[in-house]
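Notes follow once the structure below has been shown.
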Amino acid sequence: MTTISGDRCLDHEEPLIFEIGRDGKCGVDFPQVTVGDTHLAGLRRKGKIGLPGLSEPEVVRHYVRLSRMNYAIDAGLYPLGSCTMKHNPRLNEKLARLPGFADLHPLSPMSAAQGALALMRELAHWLTTLTGMPAVTLTPKAGAHGELCGILTIRAAIEARGEKRTRVLIPESAHGTNPASAAFAGFTVDEIKATPEGRVDLDSLKSKLGPDVAAFMLTNPNTCGLFERDICEIARLVHAAGAYFYCDGANFNAIAGRVKPGDLGVDAMHINLHKTFSTPHGGGGPGAGPVVLSARLAPFAPLPLLVLEKDSIRLIETKTDAPEGAKPFGRMAAFHGQTGMFVRALSYMLSHGGDGIRQASEDAVLSANYVLASLKDVMSAPFAGPCMHEALFDDTWLHNTGVTTLDFAKAMIDEGYHPMTMYFPLVVHGAMLIEPTESESKESLDRFIHVLHTMAEEVKAGKTARFDGAPHLAPRRRLDETAASRKPVLKWKAPDLKQAAE
Amino acid sequence: MSETRYTDQHEWIRVEGDEGTIGITSHATEQLGDVVFVETPSVGKVLGKGDEAAVVESVKAASEVYAPVGGTVTAVNEALEDEPAKVNADPEGDGWFFKIKIADKAELEALMTGDKYQDFVKGL
Amino acid sequence: MRYLPLTADDRAAMLAKIGAADMDALFRDVPQEAVAAPEAFDLPAAKGEIEVERILTRFAAKNVAAGDGPFFCGAGAYKHHVPATVDHLIQRAEFLTSYTPYQPEISQGTLQVLFEFQTQVAALTGMEVANASLYDGSTATAEAVLMAMRVTKRPKAILSGGLHKHYVETVETVANLHGVTKRAMASPGRAEDLIPLIDTDTACVVVQSPDVFGLLRDLKPLADAAHAKGALLIAVVTEVVSLGLITPPGAQGADIVVAEGQSLGNGLNFGGPYVGLFAVREKFLRQMPGRLCGQTTDADGRRGFVLTLSTREQHIRRDKATSNICTNSGLCALAFSIHLSLLGEEGFTKLAAINHAKAVALADKLSAIPGVALITPSFFNEFTLKLPRSAAAVVEALAAKGILGGVPASRLGYADDLLIVAATETNTDEDIAAFATALEEVL
């Protein structure tokens with residue numbers, strides 16, 4: 001049925017704030033203050049900004065209605081492979097909001113910030129202990145920023161050796177950020193092939209290693225959800241060539257508490273706090289990407305440095321203040337990193353303890369293997385298990401059904417699920433990468449498996465109506481991305497009054 | 001009298017005298033899907049055979065277009081700026097990308113004829 | 001463990017379904033030399049909420065929060081009042097615990113927020129298009145410099161001496177890999193003449209206004225001079241509230257405007273997470289880094305929003321991407337946008353006026369103290385004082401009296417006797433009086 005309002009019960013349409021707002025309304029109460037021009041250097045703003053006026057209730061309703069158009073991990077299973085949509089404990093949120101953290105200025109006298117500095121040391125302790133690496137730099141603001149930081153540390157170490165190395169080797173299955181970060185850091189990128197088992201081809205690696213190779217960047221567990229069996233041999237080969245071994249730690253959540261990357265010969269690895277340590281994804285950030293470093297790279301870590309003095313902790317913020325032996329390559333960002341995320345991650349760590357972190361990794365791996373084992377009779381898995389924290393399927397099983405990976409994933413939306421990661425990794429045709437995480441109960445996994453299994457059976461039986469043009473029940477149907485790209489409309493424009501009158 | 005040759009990167013070049021008009025083949029457009037943007041080279045740019053000359057973008061992919069032969073860019077298809085859809089609608093006609101003054105016509109010899117290219121595509 | 005739903009029985013049943021004898025069987029690809037037993041990790045065991053809260057509260061208690069007393073620190077991060085509504089709304093589960101909106105059909109909430117955010121940022125900065133945010137102001141500045149090098153195909157970036165030292169260093173870290181940076185000497189309280197430095201190798205001139213010392217910079221002459229030589233002007237704003245009172249960089253000829261958006265909606269958080277604003281002229285759109293949200297229609301013809309122009313980004317272009325960035329600062333951008341929606345035109349311009357008025361009152365009081373000189377003749381809500389002794393020592397002495405009286409310029413590597421002082425709407429007349437009294441006492 002159609003409604004008079006255009007809304008459908010709890011499903012409300014919502015205009016833009018610019019279409020709701022009117023002059024004369026305001027969501028805050030401030031006194032009117034007039035200011036003189038004495039200190040404004042003739043630069044006082046002329047003309048209006050163009051911001052809409054809304055009262056507080058209108059603002060609240062606007063954002064509440066918008067929120068209801070989003071899927072969220074709090075509302076349902078979010079099997080987005082390689083993104084780790086695990087439960088976000090609210091204790092972490094509460095503690096990050098303690099005024100001692102949330103209301104602490106980054107350039108407060110260090111005597112007034114000892115608690116924050118001690119917290120950073122404690123987080124560093126957990127990260128170095130879990131990874132078996134001697135040092136960590138906390139400042140990077142996200143995973144990709146951590147990759148850049150790690151590669152720049154490697155660059156500085158190579159320069160300090162008086163060498164020039166220009167190439168970085170990366171498997172073709174890598175996250176796009178790896179080649180982008182290497183290129184950003186001024187290196188050329190060379191791809192390494194995968195074996196039919198979805199792992200690094202050692203022969204390909206050997207043939208590409210040489211005196212001009214600065215680093216090998218490898219995600220482990222890799223983007224196919226597999227542990228790189230030959231990783232220790234890989235590290236030996238990379239080191240023998242005089243290069244450094246960068247590990248993309250995006251999938252550390254599969255092995256935390258069971259494997260120390262330091263034991264694998266890793267020189268640098270970033271850790272996505274928003275993945276392994278549950279800081280919320282927030283609709284796309286903010287993240288945090290601390291980088292653990294081997295003893296060979298530790299001296300080159302960027303500013304600021306954290307040092308323990310007699311009875312206090314001090315931040316070293318300039319190269320000239322750097323202690324003996326430290327040669328920081330520079331600075332990644334203003335201030336000292338994503339402290340708000342550090343609080344949340346440490347809250348998660350303390351809650352789990354060393355034992356709980358191991359259990360969480362195991363449960364994540366167990367759940368992924370359970371999904372793999374339960375669906376591989378109807379969907380095709382390109383690689384034999386066991387997998388790590390995510391189960392990978394390809395689209396072989398969809399051949400000649402008229403249904404694509406995209407159709408299948410979009411039909412999951414109608415079933416109340418967020419789709420899995422699609423078409424990544426690129427080395428698998430029509431990839432579907434499912435990461436259930438450790439946060440799902442067995443009942444939830446069984447229901448999810450039942451739904452996907454039944455959908456797959458329908459595809460095979462030729463019952464494909466539900467896949468055609470799916471989703472059908474979402475707040476929006478498929479959106480025209482071609483039109484969006486061809487004629488980009490990137491902001492709201494006031495309607496032309498003359499046209500509107502016609 | 002014009003002649004069209006093809007590359008294994010799915011570019012075509014139509015040769016008239018010293019001038020070559022370059023675009024991408026219909027096979028390439030089918031692989032790319034709806035073209036949303038074309039970045040053309042600037043007029044006067046000197047390109048070697050195989051140099052990156054243009055970029056063609058769909059919603060989810062971007063591909064480099066390489067110069068099939070060396071030469072100097074003499075014209076670009078400015079209509080694509082407003083209507084990139086021309087590349088899908090008429091890839092070997094209105095959807096051309098740019099023209100060059102060919103430096104060495106001998107370089108054309110290494111390129112495929114229309115028949116050879118059709119066989120090449122069938123073999124993919 | 002309260003966060004883990006699987007029971008021992010569940011685990012056994014799942015292993016049976018998989019056909020694995022035990023957990024070790026699932027980890028069999030790990031080389032034997034790298035298998036770590038539980039004892040290999042010297043870490044405490046799991047704790048309940050009560051204990052975790054107790055531990056972290058103890059850490060927090062060792063810090064002096066901005067709200068604990070009279071507070072005047074700025075230099076790139078500002079204490080503003082964030083309406084209660086903001087923090088309530090950003091904790092809506094559907095905002096807090098959703099991923100990047102790659103599935104637009106079930107992410108219209110986040111996408112519409114980004115579209116509104118982009119519109120707000122473009123309006124504030126006086127620019128044509130804005131992206132969906134970057135990590136923070138400093139990394140946004142570095143991205144802007146790289147973008148200018150791409151657009152102009154020139155190698156050199158000129159950095160004003162008034163650019164926040166941390167921003168300078170952040171830019172140098174990446175820009176020197178792709179070109180060269182030239183830092184002008186800091187000249188506190190005075191705008192240096194950058195025009196003679198601009199040549200035909202110059203990709204961009206980077207100027208902060210209000211600068212790190214609080215001084216307002218007239219960008220127009222610089223923009224004209226840069227454009228005459230084919231270079232771009234990058235304007236940096238670390239106090240975004242200033243845009244409610246001061247002519248925006250877009251109206252002064254800037255080609256790229258970057259800003260730190262922390263002042264709206266976001267707490268101080270000891271330096272992060274913050275939110276970087278990034279706005280450009282439309283002609284540079286395709287060279288822009290970061291996510292963009294665009295308007296379109298769905299299969300039923302209804303308006304909707306999608307992430308767009310993503311061929312610029314790393315997941316498609318890999319080593320040819322405009323940046324390696326893979327995230328925006330989503331939740332911080334949401335907080336920014338909600339705060340600005342509450343403020344609106346009226347609230348935002350009033351807020352800016354109040355900030356300026358507080359700063360003027362404070363500057364008048366402090367510069368009346370014998371030996372103290374105001375060296376920034378123009379300013380918005382932050383200014384620099386020259387003191388008769390080390391500013392760092394003065395700040396420590398003030399802190400001992402419960403007053404956080406600004407940032408000593410030496411903290412950022414500038415002169416020892418300069419104190420950078422900020423005032424905002426959160427400062428009361430009593431705060432200002434207390435600061436003046438205390439400063440006079442400690443000098």
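Naming works like this for the structure tokens: A, B, ... for the chains as they're shown, residue 1 at the start of each chain, ligands 1 onward in shown order.
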Considering only C-alpha atoms, return as a PyMOL selection string whatever protein or nucleic-acid residues lie within 8 Å of region 190-206 of chain C, sequence-local ones (same chain, fewer than 4 positions apart) excluded.
-> chain C and resi 145+148-149+152-163+184+186+215+217+222+225-226+229-236+376
Which parts of region 332-429 of chain A does DSSP call helix (DSSP H, G or I) when run on the backbone here, written out as a PyMOL selection string?
-> chain A and resi 339-375+396-398+405-414
From the set B:Lys49, B:Lys60, B:Lys105, B:Lys122, which residue has the shortest atom-to-atom contact distance to chain A, counting only C-alpha atoms?
-> B:Lys60
Distance-based interface of chain B with chain C, 12 Å, counting only C-alpha atoms, as a ChimeraX atom specification = /B:35-39,55-64
Keeping only C-alpha atoms, take the residues you just selected and write them out as a PDB file, in the first residue's frame.
```
ATOM      1  CA  VAL B  35      32.441   4.958 -18.669  1.00  0.00           C
ATOM      2  CA  VAL B  36      32.159   7.903 -16.298  1.00  0.00           C
ATOM      3  CA  PHE B  37      35.297   9.880 -17.019  1.00  0.00           C
ATOM      4  CA  VAL B  38      38.069  10.156 -19.561  1.00  0.00           C
ATOM      5  CA  GLU B  39      41.292  11.987 -18.837  1.00  0.00           C
ATOM      6  CA  VAL B  55      42.895   7.252 -18.401  1.00  0.00           C
ATOM      7  CA  VAL B  56      39.406   5.862 -18.770  1.00  0.00           C
ATOM      8  CA  GLU B  57      37.283   5.350 -15.692  1.00  0.00           C
ATOM      9  CA  SER B  58      34.152   3.418 -14.940  1.00  0.00           C
ATOM     10  CA  VAL B  59      32.473   3.436 -11.537  1.00  0.00           C
ATOM     11  CA  LYS B  60      34.665   0.674 -10.140  1.00  0.00           C
ATOM     12  CA  ALA B  61      37.736   0.643 -12.379  1.00  0.00           C
ATOM     13  CA  ALA B  62      40.287   2.889 -13.986  1.00  0.00           C
ATOM     14  CA  SER B  63      42.475   1.861 -16.875  1.00  0.00           C
ATOM     15  CA  GLU B  64      45.393   3.513 -18.576  1.00  0.00           C
TER      16      GLU B  64
END
```
At a cut-off of 10 Å, using only C-alpha atoms, what residues contact Ala194 (chain A)? Leave out same-chain residues fewer than 3 positions from it and give the result as a tab-separated table (two decimals) with N, CA, C and O atoms, in the first residue's frame.
```tsv
chain	number	residue	atom	x	y	z
A	171	PRO	N	52.32	-8.84	-2.57
A	171	PRO	CA	51.51	-9.87	-3.25
A	171	PRO	C	50.32	-9.25	-3.98
A	171	PRO	O	49.78	-8.22	-3.53
A	172	GLU	N	49.92	-9.88	-5.06
A	172	GLU	CA	48.81	-9.31	-5.83
A	172	GLU	C	47.48	-9.36	-5.06
A	172	GLU	O	46.55	-8.65	-5.38
A	173	SER	N	47.44	-10.17	-4.02
A	173	SER	CA	46.20	-10.27	-3.25
A	173	SER	C	46.10	-9.19	-2.17
A	173	SER	O	45.12	-9.14	-1.43
A	191	GLU	N	54.68	-6.64	-8.04
A	191	GLU	CA	53.74	-7.63	-7.52
A	191	GLU	C	54.32	-9.04	-7.48
A	191	GLU	O	55.06	-9.44	-8.37
A	197	GLU	N	47.39	-22.47	-3.96
A	197	GLU	CA	46.84	-22.61	-2.60
A	197	GLU	C	46.57	-21.26	-1.95
A	197	GLU	O	46.29	-21.19	-0.75
A	198	GLY	N	46.70	-20.17	-2.74
A	198	GLY	CA	46.34	-18.86	-2.22
A	198	GLY	C	47.40	-18.25	-1.31
A	198	GLY	O	47.09	-17.38	-0.50
A	199	ARG	N	48.64	-18.69	-1.48
A	199	ARG	CA	49.70	-18.15	-0.63
A	199	ARG	C	50.82	-17.59	-1.49
A	199	ARG	O	50.79	-17.70	-2.71
A	200	VAL	N	51.80	-16.96	-0.84
A	200	VAL	CA	52.89	-16.34	-1.58
A	200	VAL	C	53.66	-17.41	-2.35
A	200	VAL	O	54.04	-18.45	-1.79
A	201	ASP	N	53.92	-17.14	-3.62
A	201	ASP	CA	54.72	-18.03	-4.45
A	201	ASP	C	56.20	-17.72	-4.19
A	201	ASP	O	56.70	-16.67	-4.58
A	202	LEU	N	56.87	-18.65	-3.49
A	202	LEU	CA	58.25	-18.39	-3.08
A	202	LEU	C	59.17	-18.18	-4.27
A	202	LEU	O	60.10	-17.37	-4.21
A	203	ASP	N	58.91	-18.89	-5.36
A	203	ASP	CA	59.75	-18.71	-6.54
A	203	ASP	C	59.59	-17.30	-7.11
A	203	ASP	O	60.57	-16.67	-7.51
A	204	SER	N	58.36	-16.84	-7.13
A	204	SER	CA	58.10	-15.48	-7.62
A	204	SER	C	58.82	-14.47	-6.72
A	204	SER	O	59.45	-13.53	-7.19
A	205	LEU	N	58.75	-14.71	-5.41
A	205	LEU	CA	59.41	-13.81	-4.46
A	205	LEU	C	60.92	-13.82	-4.67
A	205	LEU	O	61.56	-12.77	-4.77
A	427	VAL	N	42.36	-11.70	-6.40
A	427	VAL	CA	42.90	-12.92	-7.01
A	427	VAL	C	41.87	-14.03	-7.14
A	427	VAL	O	42.14	-15.05	-7.74
```
Listing only residues of chain A within 7 Å of chain B, what is the closest atom pair and its distance in Å (to one decimal) for each, using only C-alpha atoms, sorted by chain and residue number ascending, as JSON lines?
```
{"residue": "A:Glu481", "atom": "CA", "partner": "B:Val59", "partner_atom": "CA", "distance": 6.6}
{"residue": "A:Thr482", "atom": "CA", "partner": "B:Val59", "partner_atom": "CA", "distance": 6.0}
{"residue": "A:Ser485", "atom": "CA", "partner": "B:Val36", "partner_atom": "CA", "distance": 5.8}
{"residue": "A:Arg486", "atom": "CA", "partner": "B:Val36", "partner_atom": "CA", "distance": 4.7}
```
Dump N, CA, C and O atoms for the selected residues as a PDB file, in the first residue's frame?
```
ATOM      1  N   GLU A 481      25.134   4.535  -9.540  1.00  0.00           N
ATOM      2  CA  GLU A 481      26.483   5.039  -9.278  1.00  0.00           C
ATOM      3  C   GLU A 481      27.108   5.650 -10.528  1.00  0.00           C
ATOM      4  O   GLU A 481      27.980   6.516 -10.437  1.00  0.00           O
ATOM      5  N   THR A 482      26.659   5.200 -11.687  1.00  0.00           N
ATOM      6  CA  THR A 482      27.182   5.777 -12.929  1.00  0.00           C
ATOM      7  C   THR A 482      26.804   7.247 -13.027  1.00  0.00           C
ATOM      8  O   THR A 482      27.656   8.099 -13.285  1.00  0.00           O
ATOM      9  N   SER A 485      28.788   9.409 -10.728  1.00  0.00           N
ATOM     10  CA  SER A 485      30.163   9.679 -11.143  1.00  0.00           C
ATOM     11  C   SER A 485      30.243  10.593 -12.358  1.00  0.00           C
ATOM     12  O   SER A 485      31.166  11.374 -12.500  1.00  0.00           O
ATOM     13  N   ARG A 486      29.281  10.430 -13.264  1.00  0.00           N
ATOM     14  CA  ARG A 486      29.365  11.225 -14.490  1.00  0.00           C
ATOM     15  C   ARG A 486      29.103  12.694 -14.227  1.00  0.00           C
ATOM     16  O   ARG A 486      29.755  13.570 -14.778  1.00  0.00           O
TER      17      ARG A 486
END
```
Might you pull out every residue within 10 Å of Ser410 (chain C), with only C-alpha atoms counted and same-chain residues fewer than 2 positions away left off, and present them as a list in words?
->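 Result of the neighbour search: Ser390, Ala391, Ala392, Val407, Pro408, Leu412, Gly413, Tyr414, Ala415, Asp416, Asp417, Leu418, Leu419 and Ile420 of chain C.
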Length of the CA of Gly48 (chain B) to CA of Tyr66 (chain B) vector [Å] = 9.3 Å
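You will find CA of Arg258 (chain A) at 6.6 Å from CA of Ala37 (chain C).
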Which residues come within 6 Å of region 109-123 of chain C, counting only C-alpha atoms, excluding same-chain residues fewer than 2 positions away, as a list in words?
-> Ile49, Leu66, Ser67, Met69, Asn70, Lys491 and Trp492 of chain A; Ser107, Thr125, Gly126, Met127, Glu128, Val129, Ala130, Asn131, Ala132, Cys293, Phe305 and Ser337 of chain C
Tell me which of C:Glu441, C:Asp87, C:Asp255, C:Glu239 sits closest to Thr424 (chain C), counting only C-alpha atoms.
->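 Counting only C-alpha atoms, the residue closest to Thr424 (chain C) is C:Glu239.
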Quick one: residues within 12 Å of Asp119 (chain B), only C-alpha atoms counted, chain neighbours fewer than 5 positions away excluded, as JSON, numbers by chain?
-> {"B": [6, 8, 112, 113, 114, 124]}
